[in-house]
Amino acid sequence: MFYKLSFSILFISAYSLTANANFNFNGRCVEAYKDIFHLKLNDARSIIREEKKQSPQNGVPILLDNYIDYVNLLMSDNKADYERLKDYQSDRIDELENNDKNSPYFLYAQAEVYLQWGIVKAKFGDYFSSFSDLKKARSLLKENTAKYPDFLPDQKDAAIIDVILGALPSNLKSITKLLGMSGNVQSGISRLEKLRAEIGTTKFTHYKDELTFSLCYMHLDVLHTTHNYDRLMLYVKDMDNSTLRDYLSGYVAAKNGYNDEAIECFMRIQIPPQQFALPTATYMLGYAKLCRRDSDANLYLLRYIKEYKGSKYIKDAYLKLAYYYLLDSDVSKYNYYLNMVRNNGYLTDEKDKQALREANDSPPDADLLKARLYYDGGYYNKALAQLKNKQLNDFKLLRDRVEYIYRLGRVYEKTAKLNEAIASYQKAISLGKAMPYYYAANAALGAGHIFEEKKDYNTAAYYYNMALDMKNHEYQNSTEYEAKQGLERIHH
């Protein structure tokens with residue numbers, strides 16, 4: 001009798017919890033969500049704790065907990081945190097599966113957790129598990145959209161998955177093909193643009209900053225577009241005033257060659273010690289200052305190395321420090337930091353692989369290095385000034401001759417001297433196509449872009465295919481990706 005009674009009590013209690021379970025994205029949850037995207041992660045945690053205490057049946061805080069881990073891992077790149085936090089995924093899915101099955105958030109929240117971990121796992125190299133999660137997310141979203149066609153958050157996640165799968169390099173697409181998945185970058189981004197324009201007048205308006213965050217990264221890091229600065233900055237300025245807005249403003253400015261604006265934005269970021277650290281902003285600020293030849297650029301690069309707990313850009317930051325001292329004529333410190341490149345950091349990112357190659361190569365020509373830095377900062381006239389009094393025969397190394405012609409082409413393209421740019425690119429291709437450096441392949445990409453803008457699609461395709469045909473050079477993966485995207489655009 002006792003056991004039957006205990007079982008009945010347990011059954012009734014479990015039924016009661018399930019019956020009362022719900023997904024209530026109330027004011028407190030919206031506030032926590034906004035704090036997450038303002039990078040006030042500790043403030044968000046406090047609000048979530050309070051919501052759990054006040055409404056233990058609410059499933060939204062489970063999703064918000066996952067958002068905190070997602071944003072933390074995306075921005076910090078901390079491998080130790082990843083190993084510690086990834087086991088929470090299955091616990092959260094279990095909790096969400098025990099919530100209100102009649103809510104549009106029931107399937108969506110599970111899909112969001114799978115999507116976020118799919119992105120994070122890919123970032124840390126767990127590709128098969130990542131794609132498995134993305135497949136589960138897509139399936140849940142499809143089911144939810146069939147039930148609730150007007151539930152806009154489904155559209156957000158479905159579009160992001162479309163971009164991710166469409167942007168994969170060919171070696172990873174073979175895995176997704178096995179799983180029966182494919183995507184389309186242009187389609188996904190168009191859907192995100194449309195959703196961002198519409199969502200501000202709906203009850204889902206709190207998602208607008210997240211959509212802006214996603215669009216900035218996709219335009220700049222997936223499409224590699226450098227002609228939509230004004231549009232992206234309008235998006236960012238429409239965000240709530242926050243650390244993330246300052247960071248994205250700096251990121252968009254730096255990626256589009258507005259270096260002074262980037263420095264101004266990154267300098268505005270003041271993060272209290274108890275709040276979320278943002279080492280990537282410090283790294284980008286250090287490089288932006290190096291491009292401008294600021295005397296304190298080294299301090300920010302050193303701070304990045306000290307603060308950062310992840311695996312990316314450590315070798316690259318040391319190389320930038322080496323170049324800082326090379327241009328300061330401090331050969332001893334230049335050699336010291338070259339040694340640090342060789343003996344520290346990881347080789348998981350193309351930038352770090354490139355940094356090691358440069359550290360093991362002959363020292364760069366000082367004028368070419370200055371031109372490269374000025375170009376990266378958008379100081380095109382200063383870059384040209386470093387190059388215009390030079391001749392091809394002034395450079396002893398063939399590497400430097402090819403770089404000289406290539407950098408001239410880059411500056412000419414940015415200053416709308418397109419005929420001169422094409423001539424320089426053609427010469428760089430001719431001189432450098434058999435070399436392991438990236439100059440010839442990037443010159444082919446540059447020529448492809450120019451002819452694509454001219455709507456001369458046959459010639460554009462010729463140069464994009466030329467870039468694809470060049471093998472065994474630096475940045476080969478990203479070059480191949482950009483060339484394939486170019487071909488996809490002109491054949492669309």
# chains A, B, ... in the order shown; residues from 1 in each chain; ligands from 1
$ residues_around --residues "A:Met470" --least-positions-apart "2" --cutoff "9 Å" --atoms "only C-alpha atoms" --output "PDB file with N, CA and C atoms, in the first residue's frame"
ATOM      1  N   LYS A 433      52.704  32.626 -60.264  1.00  0.00           N
ATOM      2  CA  LYS A 433      51.744  31.515 -60.241  1.00  0.00           C
ATOM      3  C   LYS A 433      52.355  30.186 -59.816  1.00  0.00           C
ATOM      4  N   ALA A 434      53.669  30.034 -59.961  1.00  0.00           N
ATOM      5  CA  ALA A 434      54.305  28.763 -59.580  1.00  0.00           C
ATOM      6  C   ALA A 434      54.897  28.822 -58.171  1.00  0.00           C
ATOM      7  N   ALA A 440      49.738  35.546 -56.249  1.00  0.00           N
ATOM      8  CA  ALA A 440      49.205  35.280 -57.590  1.00  0.00           C
ATOM      9  C   ALA A 440      47.740  34.837 -57.517  1.00  0.00           C
ATOM     10  N   ALA A 441      47.427  33.933 -56.598  1.00  0.00           N
ATOM     11  CA  ALA A 441      46.043  33.463 -56.472  1.00  0.00           C
ATOM     12  C   ALA A 441      45.115  34.598 -56.067  1.00  0.00           C
ATOM     13  N   ASN A 465      38.305  30.784 -62.045  1.00  0.00           N
ATOM     14  CA  ASN A 465      38.798  29.423 -62.312  1.00  0.00           C
ATOM     15  C   ASN A 465      40.318  29.352 -62.233  1.00  0.00           C
ATOM     16  N   MET A 466      40.976  30.425 -62.660  1.00  0.00           N
ATOM     17  CA  MET A 466      42.436  30.480 -62.554  1.00  0.00           C
ATOM     18  C   MET A 466      42.862  30.413 -61.086  1.00  0.00           C
ATOM     19  N   ALA A 467      42.147  31.159 -60.223  1.00  0.00           N
ATOM     20  CA  ALA A 467      42.449  31.125 -58.779  1.00  0.00           C
ATOM     21  C   ALA A 467      42.248  29.712 -58.228  1.00  0.00           C
ATOM     22  N   LEU A 468      41.200  29.026 -58.687  1.00  0.00           N
ATOM     23  CA  LEU A 468      40.936  27.655 -58.234  1.00  0.00           C
ATOM     24  C   LEU A 468      42.018  26.685 -58.699  1.00  0.00           C
ATOM     25  N   ASN A 472      48.683  24.547 -53.693  1.00  0.00           N
ATOM     26  CA  ASN A 472      49.864  24.541 -52.808  1.00  0.00           C
ATOM     27  C   ASN A 472      50.406  25.938 -52.531  1.00  0.00           C
ATOM     28  N   HIS A 473      49.488  26.844 -52.203  1.00  0.00           N
ATOM     29  CA  HIS A 473      49.906  28.192 -51.840  1.00  0.00           C
ATOM     30  C   HIS A 473      49.254  28.585 -50.513  1.00  0.00           C
ATOM     31  N   GLN A 476      45.133  28.780 -49.162  1.00  0.00           N
ATOM     32  CA  GLN A 476      44.472  28.096 -50.279  1.00  0.00           C
ATOM     33  C   GLN A 476      42.989  27.838 -50.004  1.00  0.00           C
TER      34      GLN A 476
END
$ closest_atom_pairs --of "stretch 184-253 of chain A" --to "stretch 23-35 of chain A" --cutoff "9 Å" --atoms "only C-alpha atoms" --output "tab-separated table"
residue	atom	partner	partner_atom	distance
A:His206	CA	A:Val30	CA	7.0
A:Tyr207	CA	A:Lys34	CA	8.8
A:Asp209	CA	A:Lys34	CA	8.4
A:Asp240	CA	A:Lys34	CA	8.8
$ write_last_selection --atoms "C-alpha atoms" --output "mmCIF file, in the first residue's frame"
data_model
loop_
_atom_site.group_PDB
_atom_site.id
_atom_site.type_symbol
_atom_site.label_atom_id
_atom_site.label_comp_id
_atom_site.auth_asym_id
_atom_site.auth_seq_id
_atom_site.Cartn_x
_atom_site.Cartn_y
_atom_site.Cartn_z
ATOM 1 C CA HIS A 206 14.133 41.548 -29.025
ATOM 2 C CA TYR A 207 15.797 39.284 -31.640
ATOM 3 C CA ASP A 209 20.318 42.718 -32.212
ATOM 4 C CA ASP A 240 20.893 49.134 -28.210
#
$ select_by_dssp --residues "stretch 62-229 of chain A" --states "alpha helix (DSSP H)" --output "PyMOL selection string"
chain A and resi 62-76+79-85+88-97+104-123+127-147+152-166+170-178+185-199+208-217+229
$ residues_around --residues "A:Leu141" --least-positions-apart "5" --cutoff "8 Å" --atoms "only C-alpha atoms" --output "JSON, numbers by chain"
{"A": [107, 108, 111, 154, 157, 158]}
$ closest_residue --among "A:Ile450, A:Leu234, A:Leu152, A:Ala281" --to "A:Gly250" --atoms "only C-alpha atoms"
A:Ala281
$ residues_around --residues "A:Tyr258" --least-positions-apart "3" --cutoff "10 Å" --atoms "only C-alpha atoms" --output "list in words"
Tyr229, Gly250, Tyr251, Val252, Ala253, Ala254, Lys255, Glu261, Ala262, Ile263, Ala288, Asp376, Gly377, Gly378 and Tyr379 of chain A
$ write_last_selection --atoms "C-alpha atoms" --output "JSON list (two decimals), in the first residue's frame"
[["chain", "number", "residue", "atom", "x", "y", "z"],
["A", 229, "TYR", "CA", 30.01, 49.47, -44.96],
["A", 250, "GLY", "CA", 34.83, 48.52, -34.72],
["A", 251, "TYR", "CA", 34.69, 45.15, -36.45],
["A", 252, "VAL", "CA", 32.71, 46.47, -39.44],
["A", 253, "ALA", "CA", 34.97, 49.54, -39.69],
["A", 254, "ALA", "CA", 38.20, 47.52, -39.50],
["A", 255, "LYS", "CA", 37.05, 44.98, -42.10],
["A", 261, "GLU", "CA", 36.84, 54.72, -36.86],
["A", 262, "ALA", "CA", 37.72, 51.16, -35.81],
["A", 263, "ILE", "CA", 40.26, 52.42, -33.28],
["A", 288, "ALA", "CA", 44.55, 48.68, -36.22],
["A", 376, "ASP", "CA", 44.96, 46.93, -44.38],
["A", 377, "GLY", "CA", 44.11, 50.13, -42.51],
["A", 378, "GLY", "CA", 42.49, 51.72, -45.56],
["A", 379, "TYR", "CA", 45.25, 54.36, -45.91]]
$ residues_around --residues "A:Ile68" --least-positions-apart "6" --cutoff "12 Å" --atoms "only C-alpha atoms" --output "PDB file with N, CA and C atoms, in the first residue's frame"
ATOM      1  N   ALA A  32      17.147  39.502 -19.537  1.00  0.00           N
ATOM      2  CA  ALA A  32      18.328  38.626 -19.471  1.00  0.00           C
ATOM      3  C   ALA A  32      18.894  38.388 -20.866  1.00  0.00           C
ATOM      4  N   TYR A  33      18.001  38.138 -21.829  1.00  0.00           N
ATOM      5  CA  TYR A  33      18.420  37.911 -23.215  1.00  0.00           C
ATOM      6  C   TYR A  33      19.189  39.127 -23.741  1.00  0.00           C
ATOM      7  N   LYS A  34      18.676  40.324 -23.478  1.00  0.00           N
ATOM      8  CA  LYS A  34      19.352  41.547 -23.945  1.00  0.00           C
ATOM      9  C   LYS A  34      20.704  41.711 -23.254  1.00  0.00           C
ATOM     10  N   ASP A  35      20.765  41.386 -21.965  1.00  0.00           N
ATOM     11  CA  ASP A  35      22.049  41.464 -21.256  1.00  0.00           C
ATOM     12  C   ASP A  35      23.083  40.525 -21.871  1.00  0.00           C
ATOM     13  N   ILE A  36      22.635  39.356 -22.315  1.00  0.00           N
ATOM     14  CA  ILE A  36      23.564  38.417 -22.960  1.00  0.00           C
ATOM     15  C   ILE A  36      24.161  39.062 -24.203  1.00  0.00           C
ATOM     16  N   PHE A  37      23.324  39.693 -25.027  1.00  0.00           N
ATOM     17  CA  PHE A  37      23.823  40.303 -26.257  1.00  0.00           C
ATOM     18  C   PHE A  37      24.425  41.685 -26.033  1.00  0.00           C
ATOM     19  N   HIS A  38      24.380  42.169 -24.798  1.00  0.00           N
ATOM     20  CA  HIS A  38      25.169  43.344 -24.414  1.00  0.00           C
ATOM     21  C   HIS A  38      26.476  42.897 -23.772  1.00  0.00           C
ATOM     22  N   LEU A  39      26.677  41.572 -23.732  1.00  0.00           N
ATOM     23  CA  LEU A  39      27.866  40.934 -23.145  1.00  0.00           C
ATOM     24  C   LEU A  39      27.947  41.144 -21.637  1.00  0.00           C
ATOM     25  N   LYS A  40      26.812  41.402 -20.998  1.00  0.00           N
ATOM     26  CA  LYS A  40      26.739  41.495 -19.537  1.00  0.00           C
ATOM     27  C   LYS A  40      26.303  40.122 -19.012  1.00  0.00           C
ATOM     28  N   LEU A  41      27.185  39.157 -19.146  1.00  0.00           N
ATOM     29  CA  LEU A  41      26.805  37.775 -18.874  1.00  0.00           C
ATOM     30  C   LEU A  41      26.498  37.538 -17.403  1.00  0.00           C
ATOM     31  N   ASN A  42      27.228  38.193 -16.507  1.00  0.00           N
ATOM     32  CA  ASN A  42      26.957  38.004 -15.072  1.00  0.00           C
ATOM     33  C   ASN A  42      25.611  38.601 -14.682  1.00  0.00           C
ATOM     34  N   ASP A  43      25.270  39.758 -15.261  1.00  0.00           N
ATOM     35  CA  ASP A  43      23.959  40.356 -14.995  1.00  0.00           C
ATOM     36  C   ASP A  43      22.857  39.420 -15.482  1.00  0.00           C
ATOM     37  N   ALA A  44      23.067  38.841 -16.669  1.00  0.00           N
ATOM     38  CA  ALA A  44      22.075  37.905 -17.216  1.00  0.00           C
ATOM     39  C   ALA A  44      21.906  36.702 -16.303  1.00  0.00           C
ATOM     40  N   ARG A  45      23.016  36.181 -15.791  1.00  0.00           N
ATOM     41  CA  ARG A  45      22.941  35.010 -14.902  1.00  0.00           C
ATOM     42  C   ARG A  45      22.090  35.320 -13.660  1.00  0.00           C
ATOM     43  N   SER A  46      22.264  36.516 -13.107  1.00  0.00           N
ATOM     44  CA  SER A  46      21.502  36.911 -11.907  1.00  0.00           C
ATOM     45  C   SER A  46      20.003  36.947 -12.199  1.00  0.00           C
ATOM     46  N   ILE A  48      18.415  35.348 -14.593  1.00  0.00           N
ATOM     47  CA  ILE A  48      17.946  33.983 -14.870  1.00  0.00           C
ATOM     48  C   ILE A  48      17.727  33.217 -13.565  1.00  0.00           C
ATOM     49  N   PRO A  61      14.379  30.070 -19.325  1.00  0.00           N
ATOM     50  CA  PRO A  61      15.706  30.197 -18.703  1.00  0.00           C
ATOM     51  C   PRO A  61      16.687  29.085 -19.091  1.00  0.00           C
ATOM     52  N   ILE A  62      16.167  27.887 -19.400  1.00  0.00           N
ATOM     53  CA  ILE A  62      17.054  26.805 -19.858  1.00  0.00           C
ATOM     54  C   ILE A  62      17.725  27.225 -21.164  1.00  0.00           C
ATOM     55  N   LEU A  74      31.808  31.593 -28.193  1.00  0.00           N
ATOM     56  CA  LEU A  74      32.039  32.248 -29.480  1.00  0.00           C
ATOM     57  C   LEU A  74      33.049  33.384 -29.358  1.00  0.00           C
ATOM     58  N   MET A  75      32.904  34.169 -28.302  1.00  0.00           N
ATOM     59  CA  MET A  75      33.723  35.374 -28.177  1.00  0.00           C
ATOM     60  C   MET A  75      35.061  35.114 -27.495  1.00  0.00           C
ATOM     61  N   SER A  76      35.126  34.123 -26.602  1.00  0.00           N
ATOM     62  CA  SER A  76      36.370  33.889 -25.856  1.00  0.00           C
ATOM     63  C   SER A  76      37.274  32.862 -26.513  1.00  0.00           C
ATOM     64  N   LEU A  85      31.897  22.866 -20.591  1.00  0.00           N
ATOM     65  CA  LEU A  85      30.491  23.246 -20.760  1.00  0.00           C
ATOM     66  C   LEU A  85      29.703  22.352 -21.718  1.00  0.00           C
ATOM     67  N   TYR A  88      26.643  20.084 -20.878  1.00  0.00           N
ATOM     68  CA  TYR A  88      25.350  20.653 -20.494  1.00  0.00           C
ATOM     69  C   TYR A  88      24.312  20.525 -21.613  1.00  0.00           C
ATOM     70  N   VAL A 113      19.172  25.124 -29.193  1.00  0.00           N
ATOM     71  CA  VAL A 113      20.285  24.522 -28.441  1.00  0.00           C
ATOM     72  C   VAL A 113      21.166  23.695 -29.379  1.00  0.00           C
ATOM     73  N   GLN A 116      23.147  26.146 -31.653  1.00  0.00           N
ATOM     74  CA  GLN A 116      24.241  26.839 -30.967  1.00  0.00           C
ATOM     75  C   GLN A 116      25.420  25.909 -30.715  1.00  0.00           C
ATOM     76  N   TRP A 117      25.134  24.691 -30.286  1.00  0.00           N
ATOM     77  CA  TRP A 117      26.242  23.758 -30.059  1.00  0.00           C
ATOM     78  C   TRP A 117      26.838  23.286 -31.374  1.00  0.00           C
ATOM     79  N   PHE A 276      32.312  40.147 -18.808  1.00  0.00           N
ATOM     80  CA  PHE A 276      32.870  39.269 -19.828  1.00  0.00           C
ATOM     81  C   PHE A 276      34.067  39.920 -20.530  1.00  0.00           C
TER      82      PHE A 276
END
$ atom_distance --atom1 "atom CA of A:Asp246" --atom2 "atom CA of A:Ser187"
28.4 Å
$ residues_around --residues "A:Asp349" --least-positions-apart "4" --cutoff "12 Å" --atoms "only C-alpha atoms" --output "list in words"
Lys123, Phe124, Gly125, Gly310, Ser311, Lys312, Tyr313, Ile314, Lys315, Asp316, Gly345, Lys353, Gln354, Ala355, Leu356, Tyr475, Asn477 and Ser478 of chain A
$ atom_distance --atom1 "atom CA of A:His219" --atom2 "atom CA of A:Leu165"
15.1 Å
$ residues_around --residues "stretch 188-198 of chain A" --least-positions-apart "5" --cutoff "7 Å" --atoms "only C-alpha atoms" --output "PDB file with C-alpha atoms, in the first residue's frame"
ATOM      1  CA  LYS A 156      16.092  33.034 -38.066  1.00  0.00           C
ATOM      2  CA  ALA A 159      18.433  30.875 -42.480  1.00  0.00           C
ATOM      3  CA  ILE A 160      21.565  30.655 -40.308  1.00  0.00           C
ATOM      4  CA  ASP A 162      21.417  27.566 -44.698  1.00  0.00           C
ATOM      5  CA  VAL A 163      24.386  29.984 -44.600  1.00  0.00           C
ATOM      6  CA  LYS A 208      16.849  42.276 -33.768  1.00  0.00           C
ATOM      7  CA  LEU A 211      20.085  39.237 -36.295  1.00  0.00           C
TER       8      LEU A 211
END
$ closest_residue --among "A:Gln270, A:Ser430, A:Asn344, A:Leu290" --to "A:Leu369" --atoms "only C-alpha atoms"
A:Leu290
